[in-house]
Amino acid sequence: MAYRAPVADIAFTLKHSAGLDAAIAEGLYPDLSADVVDAVLEEAGKFATDVIAPLNRVGDMQGARLEDGEVVMPPGWKEVYAAWAAAGWNGLASPAEWGGQDLPHALNAACIEMWNSASMAFGIGPVLSMGAAEAIAAHGSEELKRTFLPKLVSGEWMGTMNLTEPQAGSDLGALRSKAERGPDGAYRVSGQKIFITYGEHQLTENIIHLVLARLLDAPPGTRGISLFLVPKYLVGADGSLGSRNDVRCASIEHKLGIHGSPTCTMAFGDQGGATGYLIGEENRGLACMFTMMNNARLAVGLQGVAIAERAYQDALAYAKERRQGRAPGWSGPGMSPIVEHPDVKRMLLEMRAKTAAARAIAYTTADAIDRAHRLPDEKARAAAHARASLLTPIAKAFSTDIGFEVASLGVQVHGGAGYVEETGAAQHLRDAKIAQIYEGTNGIQAIDLVTRKLPMEGGQVVRAHIDQLRAILRTVRASNDNGMGATLDWVAQAVDQLDRVTAWMIEANAHRPDDALAGATPYLRLFALATGGVYLAKKALAANAALRNGDADARHGLRVATARFFAANLATAAPGLGESVMAGADAIVSAFTDTAA
């Protein structure tokens, strides 16, 4: 089935769940109106649906390949990327100072979802360029900004992130790539990086690599890592391209999914050292790179939402067409469409509810990032930054977990037809898996949440989040809206469980770290179910208000039904997850002893 961007639901979530309408009302975007938001989303939806989506199948079937050291992209890739960049999509949220449109990150997040639903292999490339531009803008020298940002923001050049090495995956302190100071003020970078997304291609005339490396006199561990900008082609003082830098693609990976995205092994310094330029300060590169990494983590979370949406659309269309058996109450001729069977309805509603909750969490995270930059009060900006930091691991891990779960349900709805490649359901499952792994595995996101985010400000950041969830529930209850049924009770129970387990987790993290780490992953899921349930209740409140005001759009009723399903069928797992966190750690910690097989 062809993808069709769900522009109306994306816009509704952005405005009424994530809070973009409130931000506009507060005056955070003086030149932005709801009509402009709708127009941007409509055009993005058309481009994703009509231009990018046709690449998805050819990208999967033909993939990227390496020929004579050059990566050859699938047919149509270069032309579509050029049209996408020329339309200004790459600079949507970038500062106007460097040629961007300075629109909200939340609006850009919605567009990123659509690019990745249309083709996940296409959509991952540009988000790395956006992240590279943000890192340079935040930490680069004025000369680096003038030289590289206009081309990165316009999309004329693309960016990459070079962290991983064969012996240093998640443990960046073990990296061996080195950098030596040169007499010209630049550095000579050498080493090997693996799993570099879009490390080599011919979509753009230059590629800007952001590379972590260690100076020869650097202290050990992560304290001795610096960040360098290493262009594929050197750039002259007038902005013109010069000679090829000492960097090449040694190989590309043959992967389970996202075949159209070249995943490269990059070799730096084969001929004496690639010319690189320091970003930020020596030995403080990891802090600079985290600007890009956090940007990428939210973008990968949006990939989870995107692939879930695509899988849901395909499964729903198939279920309406496929006839098998006779569902209870079916009075039509012959066999009924499988969408009439209760268990198929259950699977489809689960797919929709998980997608909707993850979308709301991801968009709300983007809104917090916007507020951290735009709120007039310094204290309020700091609070928004802390909230974005708290939500980022949730947005990345939960969204990509449900992306894989929803894609798996999509295969199930298709039955045997889903297990063969022709329907496309299998591709969604293959593509979705990587999102749980790259930009920090989801287990690492859970560890980050528990060990770094919960202790922020003595636990006051997570406390404020839980208080906000309860405030939203009070607002929904005050509406006396009978359409919500027992939804609020089930969601409130999940929030209460989150409150109780959070207190346990903070104490365990301080005194029994093994217990805290063992329970980190179920804790993250509990956090996401409570938060997602509240955000869907907030969305349902807005939908019911629209219905009362005479808006007969049938999608409003489905939004309420989705919130109720999530509460009754998914949020109700909260007590069991709480017990898994608090009582299950001993079974994990003691299971693998010195004598265990």
# chains A, B, ... in the order shown; residues from 1 in each chain; ligands from 1
$ residues_around --residues "Asp467 (chain A)" --least-positions-apart "3" --cutoff "12 Å" --atoms "only C-alpha atoms" --output "number ranges by chain"
A: 460-464, 470-474, 492, 495-496, 498-499, 531, 534
$ closest_atom_pairs --of "region 444-562 of chain A" --to "region 391-414 of chain A" --cutoff "10 Å" --atoms "only C-alpha atoms" --output "Markdown table"
| residue | atom | partner | partner_atom | distance |
| --- | --- | --- | --- | --- |
| A:Ile444 | CA | A:Pro393 | CA | 8.8 |
| A:Gln445 | CA | A:Pro393 | CA | 5.0 |
| A:Ala446 | CA | A:Pro393 | CA | 6.8 |
| A:Ile447 | CA | A:Pro393 | CA | 9.1 |
| A:Asp448 | CA | A:Pro393 | CA | 7.1 |
| A:Leu449 | CA | A:Pro393 | CA | 6.2 |
| A:Val450 | CA | A:Pro393 | CA | 9.9 |
| A:Lys453 | CA | A:Leu391 | CA | 8.9 |
| A:Val462 | CA | A:Leu391 | CA | 9.5 |
| A:His465 | CA | A:Leu391 | CA | 9.4 |
| A:Thr521 | CA | A:Ala397 | CA | 9.3 |
| A:Leu524 | CA | A:Ile394 | CA | 6.6 |
| A:Arg525 | CA | A:Phe398 | CA | 6.7 |
| A:Leu526 | CA | A:Phe398 | CA | 9.9 |
| A:Phe527 | CA | A:Ile394 | CA | 7.7 |
| A:Ala528 | CA | A:Ile394 | CA | 6.4 |
| A:Leu529 | CA | A:Phe398 | CA | 9.0 |
| A:Thr531 | CA | A:Ile394 | CA | 9.5 |
| A:Gly532 | CA | A:Phe398 | CA | 9.9 |
$ atom_distance --atom1 "CA of Ser336 (chain A)" --atom2 "CA of Gly415 (chain A)"
15.7 Å
$ residues_around --residues "region 252-260 of chain A" --least-positions-apart "3" --cutoff "7 Å" --atoms "only C-alpha atoms" --output "list in words"
Gly59, Asp60, Gly63, Ala64, Leu66, Met73, Pro74, Met120, Ala121, Phe122, Thr263, Cys264, Thr265, Gln427, Arg430 and Asp431 of chain A
$ write_last_selection --atoms "C-alpha atoms" --output "PDB file, in the first residue's frame"
ATOM      1  CA  GLY A  59      15.820   1.539  -1.895  1.00  0.00           C
ATOM      2  CA  ASP A  60      15.077  -1.722  -0.122  1.00  0.00           C
ATOM      3  CA  GLY A  63      20.188  -0.622  -1.811  1.00  0.00           C
ATOM      4  CA  ALA A  64      23.409   1.368  -1.761  1.00  0.00           C
ATOM      5  CA  LEU A  66      30.308   0.515  -3.073  1.00  0.00           C
ATOM      6  CA  MET A  73      22.846   5.315  -4.271  1.00  0.00           C
ATOM      7  CA  PRO A  74      19.618   3.667  -5.454  1.00  0.00           C
ATOM      8  CA  MET A 120      13.288   5.416   6.687  1.00  0.00           C
ATOM      9  CA  ALA A 121      16.510   4.841   4.732  1.00  0.00           C
ATOM     10  CA  PHE A 122      16.126   8.265   3.088  1.00  0.00           C
ATOM     11  CA  THR A 263      26.396   2.381   6.561  1.00  0.00           C
ATOM     12  CA  CYS A 264      30.123   2.882   6.115  1.00  0.00           C
ATOM     13  CA  THR A 265      33.466   1.957   7.593  1.00  0.00           C
ATOM     14  CA  GLN A 427      10.472  -4.570   5.242  1.00  0.00           C
ATOM     15  CA  ARG A 430      13.492  -5.283   9.170  1.00  0.00           C
ATOM     16  CA  ASP A 431      13.871  -1.512   8.977  1.00  0.00           C
TER      17      ASP A 431
END
$ closest_atom_pairs --of "region 65-115 of chain A" --to "region 242-249 of chain A" --cutoff "9 Å" --atoms "only C-alpha atoms" --output "JSON lines"
{"residue": "A:Leu66", "atom": "CA", "partner": "A:Cys249", "partner_atom": "CA", "distance": 8.6}
{"residue": "A:Gly69", "atom": "CA", "partner": "A:Cys249", "partner_atom": "CA", "distance": 6.3}
{"residue": "A:Glu70", "atom": "CA", "partner": "A:Cys249", "partner_atom": "CA", "distance": 7.5}
{"residue": "A:Val71", "atom": "CA", "partner": "A:Cys249", "partner_atom": "CA", "distance": 8.3}
$ atom_distance --atom1 "CA of Asp481 (chain A)" --atom2 "CA of Ala554 (chain A)"
17.6 Å
$ residues_around --residues "His341 (chain A)" --least-positions-apart "2" --cutoff "9 Å" --atoms "only C-alpha atoms" --output "list in words"
Gly325, Arg326, Ala327, Pro328, Ser336, Pro337, Ile338, Val339, Asp343, Val344, Lys345 and Arg346 of chain A
$ atom_distance --atom1 "CA of Ser331 (chain A)" --atom2 "CA of Ala317 (chain A)"
21.2 Å
$ closest_residue --among "A:Ala368, A:Glu113, A:Ala360, A:Gly131" --to "Gly304 (chain A)" --atoms "only C-alpha atoms"
A:Glu113
$ closest_atom_pairs --of "region 463-512 of chain A" --to "region 558-563 of chain A" --cutoff "9 Å" --atoms "only C-alpha atoms" --output "CSV"
residue,atom,partner,partner_atom,distance
A:Gly483,CA,A:Val560,CA,7.3
A:Met484,CA,A:Val560,CA,7.1
A:Thr487,CA,A:Ala563,CA,7.3
$ write_last_selection --atoms "C-alpha atoms" --output "short mmCIF file (atom, residue, chain, number, x, y, z; two decimals), in the first residue's frame"
data_model
loop_
_atom_site.label_atom_id
_atom_site.label_comp_id
_atom_site.auth_asym_id
_atom_site.auth_seq_id
_atom_site.Cartn_x
_atom_site.Cartn_y
_atom_site.Cartn_z
CA GLY A 483 -16.76 9.87 26.70
CA MET A 484 -13.64 9.08 28.70
CA THR A 487 -9.88 5.90 31.12
#
$ select_by_dssp --residues "region 100-214 of chain A" --states "strand (DSSP E)" --output "PyMOL selection string"
chain A and resi 158-162+178-181+187-197+207-214
$ residues_around --residues "region 78-85 of chain A" --least-positions-apart "5" --cutoff "6 Å" --atoms "only C-alpha atoms" --output "list of chain:residue names"
A:Asn90, A:Gly155, A:Leu203
$ write_last_selection --atoms "C-alpha atoms" --output "PDB file, in the first residue's frame"
ATOM      1  CA  ASN A  90      16.705  20.909   5.681  1.00  0.00           C
ATOM      2  CA  GLY A 155      21.354  20.957   2.498  1.00  0.00           C
ATOM      3  CA  LEU A 203      24.012  13.183  -2.995  1.00  0.00           C
TER       4      LEU A 203
END
$ closest_residue --among "A:Arg176, A:Arg181, A:His511, A:Arg4" --to "Met114 (chain A)" --atoms "only C-alpha atoms"
A:Arg4
$ residues_around --residues "region 227-229 of chain A" --least-positions-apart "4" --cutoff "9 Å" --atoms "only C-alpha atoms" --output "PyMOL selection string"
chain A and resi 136+144+179+187+189+208-214+275-286+288-289
